[in-house]
Every structure is written in structure tokens, then in C-alpha cells.
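A.B. asks: Quick one: structure below, then a few questions.
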Amino acid sequence: MQDHKIPDDLAAYAARLREQLNWHGYRYYILDSPEIPDAEYDRLFQELQALEAAHPELMAPDSPTQRVGGKPLEAFAPVRHRLPMLSIRTETDTSPEGARAFDVQVRRELDLNADAAPMEYACELKFDGLAISLRYEGGLLVQAATRGDGETGEDVTQNVRTIKSLPLCLRGEAPTVLEVRGEAYMSRPDFERYNTRQRAAGLPTLVNPRNGAAGAIRQLDSRQAAKRPLSFFAYGLGEIQGWEPPDTHGATLDALAAFGLPVSVERTIALGAEGLIAFHDVVAKKRDALPFDIDGVVYKVNRLAWQRQLGFRTREPRWAVAHKFPAQEQLTTVEAIETQVGRTGALTPVARLKPVFVGGVTVTNATLHNADEIARKDVRIGDTVIVRRAGDVIPEVVSVVLDRRPAAAQPFVMPETCPVCGSHIVRPAGESVARCIGGLYCRAQRKEALRHFASRRALDIEGLGDKLVEQLVDQDWVHGPADLYALDAAKLANLERMGEKSAANLVAALKRSRSTTLARFLYALGIREVGEATAMTLAAHFGTLEALMAAEEDALRQIPDVGPVVATAIRAFFQEPHNQQVIARLRAFGVHWLEVERQPTATRSLAGQTFVLTGTLDTLTRDQAAERLRALGAKVSGSVSKKTDYVVAGRDAGSKLDKARELNVRVLGEAGLLALLESSS
Ligand code: IVH
């Protein structure tokens with residue numbers, strides 16, 4: 001066969017494209033700090049793809065186009081680990097004693113006497129995924145294997161190559177052989193996104209991120225695996241040739257990061273048992289906010305020479321221990337399924353559970369979302385179920401343990417009338433939510449509406465808590481928000497758990513709440529589809545309540561972010577005589593605001609700018625600052641990304657400020673913010 005002669009410049013061009021794509025992939029996935037927009041990355045990618053399609057000879061194993069393999073495998077080939085993949089001893093005592101016991105044991109085994117310097121430990125997170133061994137030869141990723149029984153695993157190279165944050169080619173001067181051990185996992189956002197997509201398509205969802213990762217890794221078709229995006233963190237070494245690792249575990253991880261491998265930044269070097277305990281505590285507090293699941297922390301003796309001296313006990317090293325956190329999933333039983341009625345009348349089935357300690361709290365209720373979800377999971381009263389509480393999300397019933405289902409387990413039936421007010425329940429075709437049509441006639445909806453009206457971001461009525469709202473509605477003293485202002489201290493003082501002093505305080509809070517802003521007032525009314533941001537937009541756009549109330553749907557739809565559904569909801573709300581009456585009564589009771597100067601959205605001075613607020617400000621609260629920024633058209637977001645325009649850093653600003661500096665986002669102090677607000681209004 002005749003050799004295809006590729007012009008030198010074409011081969012060099014392909015190599016250059018690969019190099020650029022690998023660099024930008026590294027900036028994006030590892031450093032979290034892209035230099036080019038996503039669209040430009042895609043353009044380079046497509047160019048390389050086209051070039052390789054036209055000239056298959058140009059293909060290279062580390063080409064970013066080669067992450068997803070060709071045809072599905074028949075089965076996974078066995079891989080014998082050159083160095084066994086061990087596991088670590090798990091300390092199930094979640095108290096500080098677990099850390100102390102480990103430190104005592106390490107020092108005893110090293111024959112260190114009591115006055116020796118405290119031991120140095122590398123502390124890491126215990127990632128909740130799947131252990132994987134990666135093998136790089138001459139810097140190229142040649143094999144990835146699961147742990148298996150520790151001696152022999154399975155060759156899952158094709159699937160591991162789909163993990164975008166893993167380099168197919170190491171950076172810098174690569175060792176002859178470098179085996180990296182670490183954990184493949186699914187991030188919480190990727191897990192949520194995947195499940196949302198599956199749910200919308202009526203397809204099965206993943207039970208938890210760990211199962212998602214395990215399933216993706218064990219897919220025979222790598223194109224399927226690529227649909228479940230995974231991530232990876234390196235935490236150790238296997239076989240190495242042609243490279244001398246540093247003296248400590250901590251420095252080894254730094255070296256792996258320098259090779260371009262993903263290494264978690266949530267790690268530290270700690271001194272002695274007290275250092276371990278401090279790390280455990282810090283991580284336990286952060287756990288819910290991490291973008292991935294962990295089930296504890298890992299302590300490792302930092303000095304590799306000491307690790308060697310300590311050696312192994314059967315299958316576990318003596319130099320490492322995993323210190324667990326309370327589990328995020330537990331088994332319990334469903335004692336009943338009840339329906340709750342929300343502010344908009346939406347009926348949410350809730351499982352009443354036998355109390356169970358999960359994710360650090362005792363859980364007695366878990367949401368079942370809606371009737372479709374119950375049917376899909378086939379949850380019945382009496383079932384044993386897995387309950388999950390991870391992050392600060394609402395506890396959820398994950399799945400049923402079918403082989404523990406009692407014969408008498410009862411399927412759930414959605415009621416035909418509202419369990420609170422007896423009104424009809426409607427479920428429009430194509431919608432998953434069933435609603436009570438009782439409106440404010442329904443006590444449940446009335447209570448929710450009042451809670452919302454009084455909430456901090458609405459009229460902010462201090463002291464009007466859930467229990468009080470219950471009583472006020474159940475006593476029939478309050479039918480709608482305006483009735484609140486007719487309450488007097490003498491009457492209130494008669495209520496349960498209400499003294500004269502708290503009654504007087506509540507009346508004072510009610511009085512204070514009458515002076516508000518138009519945006520807060522609109523939000524407080526609880527118009528469907530009108531959240532806080534839309535309320536602010538409407539207030540700034542129309543300037544007065546009268547102008548908004550008179551606006552036709554067409555005029556409403558002119559406003560950015562107000563689509564047909566929102567416009568219809570707003571119009572319908574203000575046309576309803578009952579609502580007009582409520583508004584008139586509230587104003588008669590003295591609820592008022594300063595008229596805002598009318599400002600069409602697009603021309604507001606901070607339109608299109610995104611701010612993140614962090615730390616403590618001295619002259620105003622973060623909420624107040626956010627409100628003022630939003631009133632000028634700015635977006636206020638909770639997390640810093642490359643799309644953030646400004647980070648406002650008050651006292652004791654933490655990781656968001658670090659992130660801003662890392663991403664080169666402009667940082668304003670309090671004075672800077674005030675100056676900006678001043679000059680923009
Ligand atoms: S070190 C010789 N470090 O936990 C020590 N393991 O039994 C080898 N794991 O399934 C393990 N995070 O996949 C180590 N930072 C970490 C880890 C970690 C999670 C997993 C590992 C294995 C189990 C340990």
C-alpha cells in the first residue's frame with residue numbers, strides 16, 4: 001500500500017490544535033479558569049475533528065477527540081494490578097476519639113516517645129465514588145482499571161477516557177511509568193442535571209451520585225458512559241518507573257497536580273491528633289456545601305519513609321485511616337403518606353417516616369414530589385425505603401427495598417378533594433402537579449400566603465412565625481394579609497404562648513412593616529410566577545403600583561424576562577376584584593412605599609452586570625446591598641464564576657474572595673460599592 005504523505009505543516013497543525021485543546025481543557029477542568037470562551041474551544045475542537053476525519057493518519061492517542069471510543073465492548077478484560085490496590089481501615093467512631101486512637105497507635109508503632117514532636121499527617125477528603133487505577137506510560141494514559149478484589153480489576157480504559165478533567169497526556173516531563181490511584185465520582189450538579197433530564201424524558205433516574213459513577217464506569221458502550229459525566233480526584237500512587245516521588249504524601253499530591261492531574265484542594269497538613277480533629281470539624285461543616293459527596297475524611301502519615309516503616313496489616317496500611325461522617329442514606333419505614341397544600345394550592349405528597357438519623361439530623365418526613373414520582377418509585381405505605389439527605393436539600397425517598405415489602409403495604413391514592421378545605425383538586429393535562437382550587441378559602445393556602453407575606457424578603461414582619469399564623473387562621477381572626485393590621489395587642493395577648501410583651505412587640509413590628517418598598521410589596525402579594533427578581537424588575541419598570549395594575553398583557557411582555565405565562569399571571573391577579581380589595585385595604589391600613597423613579601429595565605445603569613456579595617458589610621446588610629444593586633438592574637448571584645463582573649468583599653470574606661482573585665474578577669470593598677451605587681443611581 002502506498003504511504004499517504006501528509007504535508008509536514010498539516011501534521012504540525014494538527015499537533016498544534018491538540019496542544020491548544022489540551023491546554024484549554026486543563027485551564028477549564030483543572031484550574032477552573034478558562035482563557036477562552038467555550039464557543040472558541042468548540043471551534044478548535046471541530047477543526048481538529050474535521051482534520052482527523054480527512055486525514056486519519058493524523059490521529060494521535062492523546063487527541064481530545066478520542067475520549068469516546070468506537071464500538072461497545074463485549075466484556076471488560078481483567079487487569080492484574082502490578083501493585084495491589086489496598087483499602088483503608090475505617091474508623092466508625094465519628095467522634096474526636098477516632099482521630100486520637102489513630103495518632104496513639106501510629107506513635108506506638110513507630111516507637112516514638114511521649115515528648116517526640118507531634119506527628120505530621122496529610123489530611124484529605126474521603127470521596128464517595130469508585131477507586132480507579134490509571135496507568136500513564138511515557139506520559140500517555142494507556143490503561144484504567146477498577147479495583148476489583150485488589151489484585152485483579154477490570155479494564156475500563158474506554159470509559160475513564162470520557163472523564164474530561166483527566167489528562168490523556170501528562171504535562172511536563174513525564175515518568176516512564178506512572179500509576180495514579182484515585183476516585184472517579186459524579187458531582188452533585190452533574191447528578192442533578194442527569195436526573196432532571198431523565199425525569200423529563202420519563203426515563204429511570206440515578207439513586208445517588210455513587211451509583212451513577214459506578215454505572216457509568218461499568219458501561220460497555222463508552223458513548224453511553226459519556227452521557228453520565230464523571231470527575232476524578234487523584235489521592236495516591238501505584239507503580240512508578242523513571243521518577244522519584246518527593247519525601248511526603250502532601251508533596252506527592254502537589255507533584256501529581258503539576259502533571260495536570262485533578263487533585264482536590266480540600267486537603268491540609270495537620271500536626272498531631274488535635275490537628276486531625278480540627279480538619280475533621282472544618283470539613284464536617286463544609287460537607288453540605290461541597291459540589292460532591294464525601295463520606296468522611298482520610299488521615300495519612302505524611303512522611304513516606306515512615307509510611308514504609310509502618311507497612312501493612314493484611315490488606316490495609318497501618319499509616320492511613322478513614323474517619324467517617326454520619327451516613328447520608330439510611331433505611332426506615334413509611335408510616336403514612338399525607339398531602340400538603342402549598343401557597344399556590346399545589347398538593348405535595350409527603351412520606352411520614354419512622355424517625356431516622358441521616359445526614360446529621362433526625363428525619364421524620366421526606367418529600368415524594370408528586371403522584372407520578374410515587375408511581376415511578378412505587379412507594380407504598382408500610383414499605384421499607386432508603387432515605388437520603390445530602391447537602392441542604394430536602395430529605396428524599398430514594399427507592400423501595402422491595403424484598404422487605406409487607407403483604408399489607410398500601411398504595412397511595414391522590415385525594416379527589418382538598419384534605420384541608422374540601423375544594424376540588426384539578427390536575428391539568430400534561431402537568432405533574434395537582435392543585436386545590438380553593439384559593440384563599442383554603443386555610444392551608446391562607447396560612448402559606450400569610451407566612452409568605454410576613455417573610456423576611458417580603459414585608460419582614462418580625463415575630464410572626466409559623467405557630468402564630470396557624471393560630472390566627474384557625475381562630476378565624478385573620479382571613480387575608482390586611483386583617484393582620486387590624487390586630488390589637490390586647491387581643492393578641494390572649495393567644496397561646498403569647499405574653500403582653502410579645503403581643504406589643506408584634507404590633508410594633510406590624511407597624512414598622514407598613515413602610516416598605518414597591519418591590520417588596522409586589523413580592524409579598526404572592527402573585528404566581530412573580531418571585532423576588534421579577535418583583536424588582538416590575539417595580540423599577542413601572543414606578544407605581546397604579547401603572548402596573550393598569551398594564552395590559554402586551555405592555556407586560558415588553559419587559560425583559562417577562563414571558564407570556566408571567567404576563568398572564570400578573571394580569572389575572574390584578575383583574576381579580578378580590579385582590580384589588582386586598583390591596584386597597586392594605587393601603588388603607590397605611591402600607592406605603594416611596595415611589596421609585598420609573599426606569600425601563602434595559603436602560604438601568606447596572607443592567608447585565610453580575611455581582612457576588614461576600615463577608616460582612618458595616619453600613620448595610622447583604623440583603624440591603626443586593627436589593628439596591630437589583631434595583632439598578634444588576635444580577636446578584638451566590639457563586640463566583642468567570643461570568644461574575646464584581647465581587648463585593650466585606651469583612652471576613654472567605655473562599656469567594658479567593659475564587660475572585662483566582663479568576664481575575666474585579667473586587668470591590670464596601671466603600672467601592674457605595675461609590676458605585678451612588679454614581680449609578
Ligand atoms: S487511600 C492504601 N484516599 O476509600 C490507601 N482512599 O478503602 C488506599 N477513598 O475504595 C486508599 N477517598 O477508593 C484513599 N482520599 C482518599 C480516598 C480514598 C476515597 C476510597 C478508596 C477506597 C476506600 C478506602
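Please note that chains go A, B, ... in the order of the C-alpha cells, that every chain numbers its residues from 1, and that ligands are numbered from 1 in the order shown.
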Check which residues fall inside 10 Å of ligand 1 when counting only C-alpha atoms and all ligand atoms, and print them as a ChimeraX atom specification.
C.D. replies: /A:84-90,122-133,146-147,150,181-185,233-238,263-264,267,294-300,312,315-322
A.B. asks: Give me, as a ChimeraX atom specification, all polymer residues having an atom no more than 12 Å from Arg376 (chain A), counting only C-alpha atoms and skipping those fewer than 6 positions away in the same chain.
C.D. replies: /A:199,202-205,368-370,397-400
A.B. asks: Closest to Ala519 (chain A) among A:His578, A:Arg405, A:His592, A:Arg27, using only C-alpha atoms?
C.D. replies: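 Checking each of A:His578, A:Arg405, A:His592, A:Arg27 against Ala519 (chain A), counting only C-alpha atoms, the winner is A:His592.
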A.B. asks: DSSP on the backbone: what in region 41-190 of chain A comes out strand (DSSP E or B), as number ranges by chain?
C.D. replies: A: 78-80, 89-91, 120-127, 130-137, 140-146, 152-155, 169, 177-185
A.B. asks: Do you have, as a Markdown table, the list of residues of region 347-454 of chain A lying at most 8 Å from region 471-480 of chain A, each with its nearest atom pair and that distance in Å to one decimal, counting only C-alpha atoms and ordered by chain then number?
C.D. replies:
```
| residue | atom | partner | partner_atom | distance |
| --- | --- | --- | --- | --- |
| A:Leu440 | CA | A:Gly480 | CA | 7.6 |
| A:Arg443 | CA | A:Val473 | CA | 6.9 |
| A:Arg446 | CA | A:Gly480 | CA | 6.9 |
| A:Lys447 | CA | A:Val473 | CA | 6.7 |
| A:Leu450 | CA | A:Gly480 | CA | 7.1 |
```
A.B. asks: Using only C-alpha atoms, which protein or nucleic acid residues come within 10 Å of region 38-43 of chain A? Drop anything in the same chain fewer than 6 positions from it, and give the result as a ChimeraX atom specification.
C.D. replies: /A:20-21,24-25,28,49
A.B. asks: Taking 5 positions as the minimum chain separation for residues in the same chain, which residues sit within 10 Å of Thr619 (chain A) when counting only C-alpha atoms? Answer as a list in words.
C.D. replies: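 These residues fall inside the cut-off: Gln624, Ala625, Glu670, Ala671 and Leu674 of chain A.
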A.B. asks: Looking only at the backbone, which of the residues in region 126-217 of chain A does DSSP tag as alpha helix (DSSP H), as a list in words?
C.D. replies: Thr157, Gln158, Asn159, Val160, Arg188, Pro189, Asp190, Phe191, Glu192, Arg193, Tyr194, Asn195, Thr196, Arg197, Gln198, Arg199, Ala200, Pro209, Arg210, Asn211, Gly212, Ala213, Ala214, Gly215, Ala216 and Ile217 of chain A
A.B. asks: Counting only C-alpha atoms, what is within 8 Å of Glu338 (chain A), bar same-chain residues fewer than 3 positions away, as a list in words?
C.D. replies: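 My reading of the contact set: Pro349, Val350, Ala351 and Arg352 of chain A.
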A.B. asks: Between CA of Val177 (chain A) and CA of Leu140 (chain A), what distance in Å does the model show, to one decimal?
C.D. replies: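 Distance between the two atoms: 9.3 Å.
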A.B. asks: Measuring between only C-alpha atoms, which one of A:Lys467, A:Arg82, A:Arg630, A:Lys285 shows the shortest distance to Thr152 (chain A)?
C.D. replies: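 Checking each candidate against Thr152 (chain A), we get A:Arg82 as the closest.
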A.B. asks: Considering only C-alpha atoms, return as a list in words whatever protein or nucleic-acid residues lie within 12 Å of Arg457 (chain A), sequence-local ones (same chain, fewer than 5 positions apart) excluded.
C.D. replies: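 Residues near the query, excluding close chain neighbours: Arg451, His452, Glu462, Ser513, Thr516, Thr517, Ala519, Arg520, Phe521, Leu522, Tyr523, Ala524, Leu525, Gly526, Gly531, Glu532, Ala533, Ala535, Met536, Asp623, Gln624, Ala626 and Glu627 of chain A.
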A.B. asks: For the residues selected in the previous step, produce a file with N, CA, C and O atoms as a compact mmCIF listing (two decimals), in the first residue's frame.
C.D. replies:
```txt
# COMPACT_ATOMS: atom_id res chain seq x y z
N ARG A 451 -47.68 33.44 55.69
CA ARG A 451 -46.26 33.21 56.00
C ARG A 451 -45.39 33.92 54.98
O ARG A 451 -44.40 34.54 55.31
N HIS A 452 -45.79 33.80 53.72
CA HIS A 452 -45.03 34.43 52.65
C HIS A 452 -45.08 35.96 52.79
O HIS A 452 -44.05 36.62 52.69
N GLU A 462 -41.37 40.85 61.85
CA GLU A 462 -40.65 40.10 62.86
C GLU A 462 -41.61 39.54 63.91
O GLU A 462 -42.54 40.24 64.32
N SER A 513 -43.63 47.40 59.54
CA SER A 513 -43.64 46.75 58.22
C SER A 513 -44.44 47.55 57.20
O SER A 513 -44.33 47.30 56.00
N THR A 516 -42.50 50.21 53.39
CA THR A 516 -41.76 49.19 52.65
C THR A 516 -41.33 49.73 51.29
O THR A 516 -41.29 50.95 51.08
N THR A 517 -40.99 48.82 50.38
CA THR A 517 -40.68 49.24 49.01
C THR A 517 -41.73 48.62 48.09
O THR A 517 -42.36 47.62 48.45
N ALA A 519 -41.21 46.96 45.43
CA ALA A 519 -40.78 45.62 45.03
C ALA A 519 -41.15 44.59 46.10
O ALA A 519 -41.68 43.52 45.81
N ARG A 520 -40.88 44.92 47.35
CA ARG A 520 -41.21 44.00 48.44
C ARG A 520 -42.73 43.77 48.50
O ARG A 520 -43.18 42.65 48.72
N PHE A 521 -43.48 44.85 48.33
CA PHE A 521 -44.93 44.75 48.39
C PHE A 521 -45.45 43.81 47.30
O PHE A 521 -46.26 42.91 47.56
N LEU A 522 -44.92 43.97 46.10
CA LEU A 522 -45.36 43.12 44.98
C LEU A 522 -45.01 41.66 45.26
O LEU A 522 -45.79 40.75 45.03
N TYR A 523 -43.80 41.45 45.76
CA TYR A 523 -43.37 40.09 46.08
C TYR A 523 -44.27 39.50 47.16
O TYR A 523 -44.71 38.35 47.09
N ALA A 524 -44.60 40.33 48.17
CA ALA A 524 -45.40 39.86 49.30
C ALA A 524 -46.80 39.42 48.88
O ALA A 524 -47.40 38.55 49.50
N LEU A 525 -47.33 40.03 47.80
CA LEU A 525 -48.69 39.68 47.37
C LEU A 525 -48.79 38.23 46.92
O LEU A 525 -49.88 37.65 46.88
N GLY A 526 -47.63 37.64 46.59
CA GLY A 526 -47.64 36.22 46.24
C GLY A 526 -48.31 35.94 44.89
O GLY A 526 -48.99 34.94 44.72
N GLY A 531 -41.51 36.09 41.42
CA GLY A 531 -40.55 35.93 42.51
C GLY A 531 -39.93 37.27 42.82
O GLY A 531 -40.36 38.32 42.31
N GLU A 532 -38.91 37.23 43.66
CA GLU A 532 -38.29 38.47 44.11
C GLU A 532 -37.69 39.28 42.95
O GLU A 532 -37.89 40.49 42.88
N ALA A 533 -36.99 38.58 42.07
CA ALA A 533 -36.31 39.30 40.99
C ALA A 533 -37.34 39.95 40.06
O ALA A 533 -37.18 41.12 39.68
N ALA A 535 -40.37 40.85 40.83
CA ALA A 535 -40.99 41.95 41.55
C ALA A 535 -40.13 43.20 41.45
O ALA A 535 -40.64 44.32 41.25
N MET A 536 -38.83 43.03 41.56
CA MET A 536 -37.94 44.19 41.47
C MET A 536 -37.96 44.78 40.07
O MET A 536 -37.97 46.01 39.90
N ASP A 623 -28.45 41.72 52.31
CA ASP A 623 -29.74 41.78 51.63
C ASP A 623 -30.04 43.18 51.10
O ASP A 623 -30.52 43.35 49.99
N GLN A 624 -29.74 44.16 51.95
CA GLN A 624 -29.99 45.54 51.51
C GLN A 624 -29.11 45.90 50.31
O GLN A 624 -29.57 46.53 49.36
N ALA A 626 -27.93 43.85 48.14
CA ALA A 626 -28.42 43.12 46.97
C ALA A 626 -29.63 43.82 46.39
O ALA A 626 -29.78 43.97 45.17
N GLU A 627 -30.50 44.29 47.28
CA GLU A 627 -31.72 44.94 46.83
C GLU A 627 -31.38 46.21 46.04
O GLU A 627 -31.95 46.47 44.99
```
A.B. asks: With distances taken over only C-alpha atoms, which of A:Phe279, A:Phe232, A:Phe453, A:Phe325 is nearest to Arg161 (chain A)?
C.D. replies: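 Closest to Arg161 (chain A) of all the choices is A:Phe232.
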A.B. asks: Calculated over only C-alpha atoms, which of the candidates A:Ala201, A:Asp372, A:Ala390, A:Arg218 has the smallest distance to Lys286 (chain A)?
C.D. replies: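 Ranking A:Ala201, A:Asp372, A:Ala390, A:Arg218 by distance to Lys286 (chain A), first place goes to A:Ala390.
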A.B. asks: Taking 5 positions as the minimum chain separation for residues in the same chain, which residues sit within 9 Å of Pro411 (chain A) when counting only C-alpha atoms? Answer as a VMD selection string.
C.D. replies: chain A and resid 375 378 to 381
A.B. asks: Hey, can you spit out that residue selection with N, CA, C and O atoms as a PDB file, in the first residue's frame?
C.D. replies:
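Produced file selection-v2.pdb, reproduced below:
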```pdb
ATOM      1  N   ALA A 375     -45.615   6.862  41.762  1.00  0.00           N
ATOM      2  CA  ALA A 375     -45.901   5.719  40.904  1.00  0.00           C
ATOM      3  C   ALA A 375     -44.594   5.144  40.343  1.00  0.00           C
ATOM      4  O   ALA A 375     -44.400   3.935  40.307  1.00  0.00           O
ATOM      5  N   ASP A 378     -42.861   3.512  43.018  1.00  0.00           N
ATOM      6  CA  ASP A 378     -43.775   2.538  43.599  1.00  0.00           C
ATOM      7  C   ASP A 378     -43.650   2.492  45.124  1.00  0.00           C
ATOM      8  O   ASP A 378     -43.420   1.441  45.719  1.00  0.00           O
ATOM      9  N   VAL A 379     -43.759   3.662  45.742  1.00  0.00           N
ATOM     10  CA  VAL A 379     -43.671   3.742  47.197  1.00  0.00           C
ATOM     11  C   VAL A 379     -45.048   3.450  47.794  1.00  0.00           C
ATOM     12  O   VAL A 379     -46.041   4.042  47.363  1.00  0.00           O
ATOM     13  N   ARG A 380     -45.111   2.540  48.746  1.00  0.00           N
ATOM     14  CA  ARG A 380     -46.393   2.240  49.399  1.00  0.00           C
ATOM     15  C   ARG A 380     -46.273   2.412  50.910  1.00  0.00           C
ATOM     16  O   ARG A 380     -45.177   2.313  51.455  1.00  0.00           O
ATOM     17  N   ILE A 381     -47.415   2.642  51.533  1.00  0.00           N
ATOM     18  CA  ILE A 381     -47.422   2.814  52.987  1.00  0.00           C
ATOM     19  C   ILE A 381     -47.069   1.471  53.617  1.00  0.00           C
ATOM     20  O   ILE A 381     -47.665   0.445  53.277  1.00  0.00           O
TER      21      ILE A 381
END
```
A.B. asks: Point out the residue among A:Ala54, A:Ala255, A:Met59, A:Leu613 with the least atom-to-atom distance to Ala15 (chain A), counting only C-alpha atoms.
C.D. replies: A:Met59
A.B. asks: If you take only C-alpha atoms and a cut-off of 12 Å, which residues of region 454-548 of chain A touch region 559-567 of chain A, and what are their nearest atom pairs and distances in Å to one decimal, in chain and number order, as a Markdown table?
C.D. replies:
```
| residue | atom | partner | partner_atom | distance |
| --- | --- | --- | --- | --- |
| A:Ile527 | CA | A:Val566 | CA | 9.4 |
| A:Arg528 | CA | A:Val566 | CA | 7.7 |
| A:Glu529 | CA | A:Val566 | CA | 5.6 |
| A:Val530 | CA | A:Val566 | CA | 7.1 |
| A:Gly531 | CA | A:Val566 | CA | 10.3 |
| A:Ala533 | CA | A:Asp561 | CA | 9.7 |
| A:Thr534 | CA | A:Asp561 | CA | 7.8 |
| A:Ala535 | CA | A:Val562 | CA | 10.7 |
| A:Met536 | CA | A:Asp561 | CA | 11.7 |
| A:Thr537 | CA | A:Ile559 | CA | 8.2 |
| A:Leu538 | CA | A:Ile559 | CA | 8.2 |
| A:Ala539 | CA | A:Ile559 | CA | 11.5 |
| A:Ala540 | CA | A:Ile559 | CA | 10.7 |
| A:His541 | CA | A:Ile559 | CA | 7.8 |
| A:Phe542 | CA | A:Ile559 | CA | 10.1 |
| A:Leu548 | CA | A:Ala567 | CA | 11.1 |
```
A.B. asks: Hey, can you check how far CA of Val591 (chain A) sits from CA of Leu487 (chain A)?
C.D. replies: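 Between CA of Val591 (chain A) and CA of Leu487 (chain A) the gap works out to 14.7 Å.
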